[in-house]
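So this one's data03.cif, mmCIF, C-alpha atoms (C1' of nucleotides):
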```
data_query
loop_
_atom_site.label_atom_id
_atom_site.label_comp_id
_atom_site.auth_asym_id
_atom_site.auth_seq_id
_atom_site.Cartn_x
_atom_site.Cartn_y
_atom_site.Cartn_z
CA MET J 152 32.86 2.61 -12.68
CA LYS J 153 32.12 0.94 -9.37
CA ILE J 154 28.64 1.44 -7.89
CA ALA J 155 27.15 0.01 -4.71
CA ALA J 156 24.08 -0.08 -2.48
CA TRP J 157 23.95 -0.54 1.29
CA ASN J 158 21.13 -0.38 3.82
CA VAL J 159 23.07 0.97 6.81
CA ASN J 160 20.22 0.87 9.39
CA SER J 161 21.02 4.34 10.84
CA LEU J 162 23.84 6.36 9.33
CA LYS J 163 24.60 7.95 12.71
CA VAL J 164 25.43 4.56 14.20
CA ARG J 165 27.11 3.20 11.06
CA LEU J 166 29.18 6.19 9.91
CA PRO J 167 32.50 4.64 11.02
CA HIS J 168 31.70 1.48 9.04
CA VAL J 169 30.71 3.53 5.99
CA LEU J 170 33.90 5.62 6.10
CA ASP J 171 36.07 2.52 6.50
CA TRP J 172 34.22 0.80 3.67
CA LEU J 173 34.59 3.77 1.31
CA ALA J 174 38.33 3.84 2.02
CA ALA J 175 38.66 0.10 1.44
CA GLN J 176 36.45 -0.25 -1.63
CA GLN J 177 36.77 3.18 -3.25
CA PRO J 178 33.41 3.02 -5.05
CA ASP J 179 32.58 5.80 -7.48
CA ALA J 180 29.10 5.98 -5.99
CA LEU J 181 27.36 4.45 -2.97
CA CYS J 182 23.59 4.44 -2.50
CA LEU J 183 22.50 4.34 1.15
CA GLN J 184 19.15 3.29 2.58
CA GLU J 185 17.72 3.79 6.06
CA THR J 186 19.81 6.81 7.00
CA LYS J 187 17.12 7.45 9.65
CA THR J 188 17.94 11.13 9.98
CA GLU J 189 17.02 14.55 8.70
CA ASP J 190 19.53 16.64 6.76
CA LYS J 191 20.64 18.40 9.95
CA GLY J 192 21.96 15.12 11.32
CA PHE J 193 23.54 14.00 8.05
CA PRO J 194 27.37 13.78 8.06
CA PHE J 195 28.05 15.89 4.95
CA ALA J 196 31.38 17.21 6.32
CA GLU J 197 32.78 13.81 7.31
CA LEU J 198 31.91 12.38 3.90
CA ALA J 199 33.40 15.39 2.11
CA ALA J 200 36.62 14.87 4.06
CA ALA J 201 36.62 11.30 2.73
CA GLY J 202 36.28 12.61 -0.83
CA TYR J 203 32.54 12.11 -1.35
CA THR J 204 29.83 14.62 -2.08
CA ALA J 205 26.41 13.57 -0.87
CA ILE J 206 22.77 14.17 -1.64
CA HIS J 207 20.12 13.12 0.84
CA ASN J 208 16.38 12.65 1.06
CA GLY J 209 15.90 12.16 4.77
CA GLN J 210 13.36 12.18 7.54
CA LYS J 211 13.31 11.72 11.29
CA THR J 212 13.55 8.17 12.70
CA TYR J 213 12.61 6.14 9.61
CA ASN J 214 13.62 5.59 5.99
CA GLY J 215 15.96 8.13 4.38
CA VAL J 216 18.10 7.59 1.28
CA ALA J 217 21.34 9.14 0.06
CA ILE J 218 23.81 8.95 -2.79
CA LEU J 219 27.52 9.48 -2.17
CA SER J 220 29.72 10.17 -5.17
CA ARG J 221 33.33 11.02 -5.92
CA GLN J 222 32.18 12.95 -8.98
CA GLY J 223 29.54 15.62 -9.33
CA MET J 224 25.86 14.68 -9.43
CA GLU J 225 23.39 16.23 -11.86
CA ASP J 226 19.60 16.40 -12.16
CA VAL J 227 18.93 15.38 -8.57
CA GLN J 228 15.42 14.07 -7.96
CA ARG J 229 13.74 13.23 -4.68
CA ASP J 230 10.67 10.93 -4.40
CA ILE J 231 8.55 9.36 -7.15
CA PRO J 232 6.85 12.21 -9.05
CA ASP J 233 3.06 12.43 -8.80
CA PHE J 234 2.96 9.76 -6.08
CA ASP J 235 1.76 11.08 -2.76
CA ASP J 236 4.07 9.57 -0.15
CA PRO J 237 5.43 11.18 3.02
CA GLN J 238 8.07 8.43 3.38
CA LYS J 239 11.51 9.32 2.04
CA ARG J 240 12.49 6.31 -0.06
CA ILE J 241 13.83 7.61 -3.39
CA ILE J 242 16.71 9.78 -4.49
CA ALA J 243 18.17 9.84 -8.00
CA ALA J 244 21.00 11.61 -9.77
CA THR J 245 23.18 11.33 -12.86
CA VAL J 246 26.87 10.52 -12.32
CA ASN J 247 29.25 10.24 -15.25
CA GLY J 248 26.32 9.79 -17.65
CA VAL J 249 24.76 7.01 -15.55
CA ARG J 250 21.36 7.58 -13.95
CA LEU J 251 21.49 6.21 -10.41
CA VAL J 252 18.13 5.56 -8.73
CA CYS J 253 18.57 4.81 -5.03
CA ALA J 254 15.51 3.05 -3.62
CA TYR J 255 14.34 1.84 -0.23
CA ILE J 256 11.32 -0.23 -1.17
CA PRO J 257 8.78 -0.65 1.67
CA ASN J 258 9.10 -3.72 3.87
CA GLY J 259 5.39 -4.58 3.82
CA SER J 260 5.31 -6.00 7.36
CA GLU J 261 2.95 -8.90 6.67
CA VAL J 262 1.17 -10.27 3.60
CA GLY J 263 -2.33 -8.82 3.45
CA SER J 264 -1.63 -5.94 5.85
CA GLU J 265 -2.11 -2.25 5.11
CA LYS J 266 1.66 -1.88 4.80
CA TYR J 267 1.73 -4.72 2.30
CA GLU J 268 -0.87 -2.95 0.15
CA TYR J 269 1.24 0.21 0.39
CA LYS J 270 4.29 -1.77 -0.73
CA LEU J 271 2.51 -3.09 -3.82
CA ARG J 272 1.08 0.37 -4.66
CA TRP J 273 4.53 1.84 -4.20
CA LEU J 274 6.07 -0.75 -6.56
CA THR J 275 3.41 -0.02 -9.19
CA ALA J 276 4.23 3.71 -9.01
CA LEU J 277 7.98 3.01 -9.13
CA THR J 278 7.62 0.79 -12.19
CA ALA J 279 5.48 3.32 -14.09
CA TRP J 280 7.94 6.10 -13.30
CA LEU J 281 11.02 4.08 -14.26
CA LYS J 282 9.45 3.13 -17.58
CA GLU J 283 9.59 6.84 -18.46
CA GLU J 284 12.98 7.37 -16.85
CA MET J 285 14.56 4.66 -18.98
CA VAL J 286 13.54 6.55 -22.11
CA ARG J 287 15.12 9.72 -20.77
CA TYR J 288 18.15 7.92 -19.34
CA PRO J 289 19.06 4.79 -21.32
CA LYS J 290 21.94 4.12 -18.90
CA LEU J 291 19.99 3.58 -15.69
CA ALA J 292 20.73 1.60 -12.54
CA LEU J 293 18.18 0.90 -9.80
CA LEU J 294 20.08 0.18 -6.59
CA GLY J 295 18.94 -0.45 -3.08
CA ASP J 296 16.98 -2.45 -0.58
CA TYR J 297 14.11 -3.99 -2.54
CA ASN J 298 12.71 -5.98 0.37
CA ILE J 299 12.03 -8.75 -2.16
CA ALA J 300 13.82 -12.08 -2.51
CA PRO J 301 13.22 -12.64 -6.24
CA ASP J 302 13.68 -16.40 -6.31
CA ASP J 303 13.85 -19.40 -3.98
CA ARG J 304 17.63 -19.39 -4.54
CA ASP J 305 17.64 -16.12 -2.65
CA VAL J 306 16.10 -17.62 0.50
CA HIS J 307 17.85 -19.81 3.09
CA ASP J 308 14.66 -21.78 3.78
CA PRO J 309 12.22 -21.41 0.85
CA VAL J 310 9.69 -23.75 2.45
CA ALA J 311 9.48 -21.75 5.67
CA TRP J 312 9.35 -18.45 3.75
CA LYS J 313 6.86 -19.57 1.08
CA ASP J 314 4.22 -16.84 0.55
CA LYS J 315 5.64 -14.89 3.49
CA ILE J 316 6.59 -11.23 3.36
CA LEU J 317 9.58 -10.57 1.04
CA CYS J 318 8.82 -13.82 -0.82
CA SER J 319 5.12 -13.67 -1.74
CA VAL J 320 4.01 -14.14 -5.33
CA PRO J 321 2.70 -10.55 -5.79
CA GLU J 322 6.01 -9.15 -4.53
CA ARG J 323 7.97 -11.40 -6.88
CA GLU J 324 5.67 -10.44 -9.74
CA ALA J 325 6.38 -6.78 -8.97
CA PHE J 326 10.11 -7.54 -9.16
CA GLN J 327 9.52 -9.24 -12.51
CA GLY J 328 7.63 -6.13 -13.59
CA LEU J 329 10.89 -4.20 -13.17
CA VAL J 330 12.72 -6.90 -15.11
CA GLY J 331 10.01 -6.53 -17.78
CA LEU J 332 11.12 -2.92 -18.29
CA GLY J 333 14.40 -4.34 -19.55
CA LEU J 334 16.28 -4.23 -16.27
CA THR J 335 18.68 -7.07 -15.40
CA ASP J 336 19.62 -8.38 -11.95
CA ALA J 337 23.38 -7.75 -12.12
CA PHE J 338 24.10 -10.41 -9.49
CA ARG J 339 22.70 -13.16 -11.71
CA LEU J 340 24.84 -12.19 -14.68
CA PHE J 341 27.64 -14.12 -13.00
CA GLU J 342 28.35 -17.41 -11.31
CA GLN J 343 27.68 -16.99 -7.59
CA PRO J 344 28.25 -19.09 -4.50
CA GLU J 345 25.27 -21.13 -3.33
CA GLN J 346 23.37 -19.52 -0.45
CA SER J 347 24.38 -15.95 -1.31
CA PHE J 348 22.43 -13.43 0.75
CA SER J 349 22.51 -9.71 1.55
CA TRP J 350 20.53 -9.59 4.80
CA TRP J 351 20.63 -11.69 7.96
CA ASP J 352 18.39 -11.32 11.01
CA TYR J 353 20.08 -9.88 14.08
CA ARG J 354 18.26 -12.48 16.13
CA ALA J 355 19.07 -16.15 16.56
CA ALA J 356 22.65 -15.77 15.23
CA GLY J 357 21.29 -15.40 11.70
CA PHE J 358 24.59 -14.32 10.17
CA ARG J 359 26.75 -16.95 11.83
CA ARG J 360 24.35 -19.64 10.61
CA ASN J 361 23.92 -17.92 7.21
CA LEU J 362 20.16 -17.78 7.65
CA GLY J 363 19.71 -14.95 5.19
CA LEU J 364 17.83 -13.54 2.25
CA ARG J 365 19.03 -11.75 -0.86
CA ILE J 366 16.85 -8.64 -0.89
CA ASP J 367 19.34 -5.91 -1.87
CA HIS J 368 19.83 -5.63 -5.60
CA ILE J 369 21.36 -3.71 -8.47
CA LEU J 370 19.21 -3.75 -11.61
CA LEU J 371 20.77 -2.46 -14.82
CA SER J 372 19.32 -1.16 -18.07
CA PRO J 373 20.53 -2.93 -21.26
CA PRO J 374 23.58 -0.75 -22.04
CA LEU J 375 24.78 -1.01 -18.43
CA ALA J 376 24.14 -4.76 -18.24
CA GLN J 377 26.37 -5.03 -21.33
CA GLN J 378 29.08 -3.10 -19.50
CA CYS J 379 28.82 -5.00 -16.22
CA THR J 380 31.93 -7.06 -15.43
CA ALA J 381 31.19 -8.14 -11.84
CA CYS J 382 28.56 -8.08 -9.11
CA THR J 383 29.17 -9.22 -5.54
CA VAL J 384 27.88 -8.98 -1.99
CA ASP J 385 30.58 -7.84 0.43
CA LYS J 386 29.96 -9.71 3.68
CA ALA J 387 32.95 -8.12 5.46
CA PRO J 388 31.06 -5.23 7.14
CA ARG J 389 28.43 -7.66 8.46
CA LYS J 390 31.19 -9.29 10.55
CA LEU J 391 32.12 -6.09 12.40
CA GLU J 392 30.99 -5.04 15.87
CA ARG J 393 27.53 -3.44 15.79
CA PRO J 394 26.95 -4.12 12.10
CA SER J 395 24.06 -3.19 9.88
CA ASP J 396 21.88 -6.24 9.28
CA HIS J 397 22.46 -5.72 5.52
CA ALA J 398 25.67 -6.15 3.51
CA PRO J 399 26.64 -3.91 0.57
CA VAL J 400 26.07 -5.04 -3.03
CA ILE J 401 28.66 -3.89 -5.57
CA ALA J 402 28.59 -3.77 -9.37
CA GLU J 403 31.53 -3.00 -11.65
CA LEU J 404 30.84 -1.28 -14.97
CA ALA J 405 33.46 -1.26 -17.72
"C1'" DA W 24 7.07 -20.38 21.06
"C1'" DT W 25 4.52 -14.92 15.88
"C1'" DG W 26 9.92 -15.30 20.13
"C1'" DG W 27 14.97 -14.03 19.12
"C1'" DC W 28 18.15 -8.28 18.16
"C1'" DT W 29 18.77 -3.32 16.89
"C1'" DT W 30 17.43 1.47 16.33
"C1'" DG W 31 15.13 5.91 17.54
"C1'" DA W 32 12.12 8.18 20.47
"C1'" DG W 33 12.78 9.62 25.08
"C1'" DT W 34 13.30 8.17 30.33
"C1'" DG W 35 8.42 3.95 29.81
"C1'" DT W 36 8.55 0.87 26.74
"C1'" DC W 37 7.08 0.71 22.15
"C1'" DA W 38 7.04 0.84 16.83
"C1'" DA W 39 9.42 -0.89 13.05
"C1'" DG W 40 12.41 -3.58 10.68
"C1'" DA W 41 12.59 -8.27 7.54
#
```

The structure in this file should be written as structure tokens.
Amino acid sequence: MKIAAWNVNSLKVRLPHVLDWLAAQQPDALCLQETKTEDKGFPFAELAAAGYTAIHNGQKTYNGVAILSRQGMEDVQRDIPDFDDPQKRIIAATVNGVRLVCAYIPNGSEVGSEKYEYKLRWLTALTAWLKEEMVRYPKLALLGDYNIAPDDRDVHDPVAWKDKILCSVPEREAFQGLVGLGLTDAFRLFEQPEQSFSWWDYRAAGFRRNLGLRIDHILLSPPLAQQCTACTVDKAPRKLERPSDHAPVIAELA
DNA sequence: ATGGCTTGAGTGTCAAGA
């Protein structure tokens, strides 16, 4: 089973890239973040024509998450239960016995800001919820844009980014809180090239100079980590005209 | 240099991203 996560930064703009990528990679499931649309603007028909059913938790302008799957999806859940949040950042479903949790974790804007406090609160709620979900669904994958670079290896310039947003100690501790549930960063199960990233700033030729961060992740529960045979970042779509600033992350499960 | 691009909103120019 091949699963993937991609922050597309507007599905309306990126639909051609997504359709091309689905045809090229043939994932069983793809988790999208930042669809930036309501259901009425979501391309259900185009995706169905490509062989994918879709579920969506969207809103106007910001956020929005979706799961695309070749197989049927069961027990669809939107949002973190009992966490009051108007922002559409979570959708989950079971595919082929695997619980897929698609997450767009808040950016946080700036350390110490109101949005940063929201990010940390949101991560606390996510972690508490997933602790229960892992009991109900032993085969669980948390895929998406975490907006956290877990380690200095995941940062092109760790000195410049030290204690900055996406790299601060409380954010990294929250990431380790997810690891503490028994989840494993699939990417680090394997040898990887130095300076592997999943996001590059549009500005200042960030991609060409590989000034990036690894902030998009696939975390796997123990049975899935056992089954994982590969995890990669596919930089190809980032090289296209009018790309998303994020590249897809892919995990293969035996 | 708190810049640089890109998107959505909406028709001015700003919020938000990371």

Name the residues in contact with segment 26-41 of chain W at a cut-off of 12 Å, using all atoms listed in the file, excluding same-chain residues fewer than 3 positions from it; report them as an MDAnalysis selection string. chainID J and resid 158:165 185:188 210:214 256:261 266 296:300 312 315:318 349:358 363:367 393:397

Per-axis box centre and lengths in Å around segment 28-39 of chain W, 6 Å margin per side, axis-aligned, as lines of an AutoDock Vina configuration file:
```
center_x = 12.9
center_y = 0.7
center_z = 21.7
size_x = 23.7
size_y = 29.9
size_z = 29.3
```

Run the PyMOL selection byres ((chain J and resi 223) around 9) on the file and write out the hits as a ChimeraX atom specification. /J:204,220-222,224-225,245-247

So the first atom is atom CA of Ala174 of chain J and the second is atom CA of Ile401 of chain J; what is the distance between them in Å, to one decimal place?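 Between atom CA of Ala174 of chain J and atom CA of Ile401 of chain J the gap works out to 14.5 Å.
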
Fewer than 3 positions away in the same chain doesn't count, so skip those; otherwise give me all residues within 8 Å of Lys386 of chain J, counting all atoms listed in the file, as a ChimeraX atom specification. /J:349,389-390,398-399

I'd like to see the residues matched by the PyMOL selection byres ((chain J and resi 276) around 12) on this file, and ideally I'd get them as number ranges by chain. J: 230-236, 241, 256, 269-275, 277-283, 325, 328-329

Selection near Pro289 of chain J, 9 Å with all atoms listed in the file, sequence-local residues under 2 positions removed, as a list of chain:residue names: J:Val249, J:Arg250, J:Glu284, J:Met285, J:Val286, J:Arg287, J:Leu291, J:Ser372, J:Pro373, J:Pro374, J:Leu375

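Atom pair atom CA of Leu219 of chain J / atom CA of Phe338 of chain J: separated by 21.5 Å.
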
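Within the 7 Å cut-off around Gln228 of chain J, using only C-alpha atoms (C1' of nucleotides) and omitting residues fewer than 2 positions from it on the same chain, the listed residues are Asp226, Asp230, Ile242, Ala243 and Ala244 of chain J.
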
To one decimal place in Å, what is the distance between atom CA of Ala402 of chain J and atom CA of Thr380 of chain J?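 Going from atom CA of Ala402 of chain J over to atom CA of Thr380 of chain J covers 7.7 Å.
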
On this file, the PyMOL selection byres ((chain J and resi 175-182) around 6) gives some set of residues; write that set as a ChimeraX atom specification. /J:153-156,172-174,183,217-221,253

Completed segment 315-329 of chain J (N, CA and C atoms) as a PDB file, in the frame of the given file:
```
ATOM      1  N   LYS J 315       5.457 -15.842   2.396  1.00  0.00           N
ATOM      2  CA  LYS J 315       5.640 -14.890   3.490  1.00  0.00           C
ATOM      3  C   LYS J 315       6.125 -13.553   2.916  1.00  0.00           C
ATOM      4  N   ILE J 316       6.120 -12.547   3.778  1.00  0.00           N
ATOM      5  CA  ILE J 316       6.590 -11.230   3.360  1.00  0.00           C
ATOM      6  C   ILE J 316       8.031 -11.337   2.836  1.00  0.00           C
ATOM      7  N   LEU J 317       8.301 -10.590   1.782  1.00  0.00           N
ATOM      8  CA  LEU J 317       9.580 -10.570   1.040  1.00  0.00           C
ATOM      9  C   LEU J 317       9.651 -11.672  -0.019  1.00  0.00           C
ATOM     10  N   CYS J 318       8.768 -12.660   0.083  1.00  0.00           N
ATOM     11  CA  CYS J 318       8.820 -13.820  -0.820  1.00  0.00           C
ATOM     12  C   CYS J 318       7.479 -14.106  -1.505  1.00  0.00           C
ATOM     13  N   SER J 319       6.455 -13.336  -1.215  1.00  0.00           N
ATOM     14  CA  SER J 319       5.120 -13.670  -1.740  1.00  0.00           C
ATOM     15  C   SER J 319       5.073 -13.495  -3.253  1.00  0.00           C
ATOM     16  N   VAL J 320       4.127 -14.181  -3.874  1.00  0.00           N
ATOM     17  CA  VAL J 320       4.010 -14.140  -5.330  1.00  0.00           C
ATOM     18  C   VAL J 320       3.787 -12.712  -5.855  1.00  0.00           C
ATOM     19  N   PRO J 321       2.872 -11.920  -5.269  1.00  0.00           N
ATOM     20  CA  PRO J 321       2.700 -10.550  -5.790  1.00  0.00           C
ATOM     21  C   PRO J 321       3.976  -9.703  -5.701  1.00  0.00           C
ATOM     22  N   GLU J 322       4.751  -9.886  -4.645  1.00  0.00           N
ATOM     23  CA  GLU J 322       6.010  -9.150  -4.530  1.00  0.00           C
ATOM     24  C   GLU J 322       6.983  -9.597  -5.631  1.00  0.00           C
ATOM     25  N   ARG J 323       7.067 -10.890  -5.835  1.00  0.00           N
ATOM     26  CA  ARG J 323       7.970 -11.400  -6.880  1.00  0.00           C
ATOM     27  C   ARG J 323       7.495 -10.990  -8.260  1.00  0.00           C
ATOM     28  N   GLU J 324       6.183 -10.915  -8.454  1.00  0.00           N
ATOM     29  CA  GLU J 324       5.670 -10.440  -9.740  1.00  0.00           C
ATOM     30  C   GLU J 324       6.021  -8.968  -9.942  1.00  0.00           C
ATOM     31  N   ALA J 325       5.985  -8.190  -8.861  1.00  0.00           N
ATOM     32  CA  ALA J 325       6.380  -6.780  -8.970  1.00  0.00           C
ATOM     33  C   ALA J 325       7.852  -6.670  -9.354  1.00  0.00           C
ATOM     34  N   PHE J 326       8.682  -7.520  -8.777  1.00  0.00           N
ATOM     35  CA  PHE J 326      10.110  -7.540  -9.160  1.00  0.00           C
ATOM     36  C   PHE J 326      10.238  -7.875 -10.645  1.00  0.00           C
ATOM     37  N   GLN J 327       9.477  -8.867 -11.096  1.00  0.00           N
ATOM     38  CA  GLN J 327       9.520  -9.240 -12.510  1.00  0.00           C
ATOM     39  C   GLN J 327       8.976  -8.122 -13.400  1.00  0.00           C
ATOM     40  N   GLY J 328       8.100  -7.297 -12.853  1.00  0.00           N
ATOM     41  CA  GLY J 328       7.630  -6.130 -13.590  1.00  0.00           C
ATOM     42  C   GLY J 328       8.770  -5.162 -13.882  1.00  0.00           C
ATOM     43  N   LEU J 329       9.697  -5.035 -12.941  1.00  0.00           N
ATOM     44  CA  LEU J 329      10.890  -4.200 -13.170  1.00  0.00           C
ATOM     45  C   LEU J 329      11.786  -4.859 -14.218  1.00  0.00           C
TER      46      LEU J 329
END
```
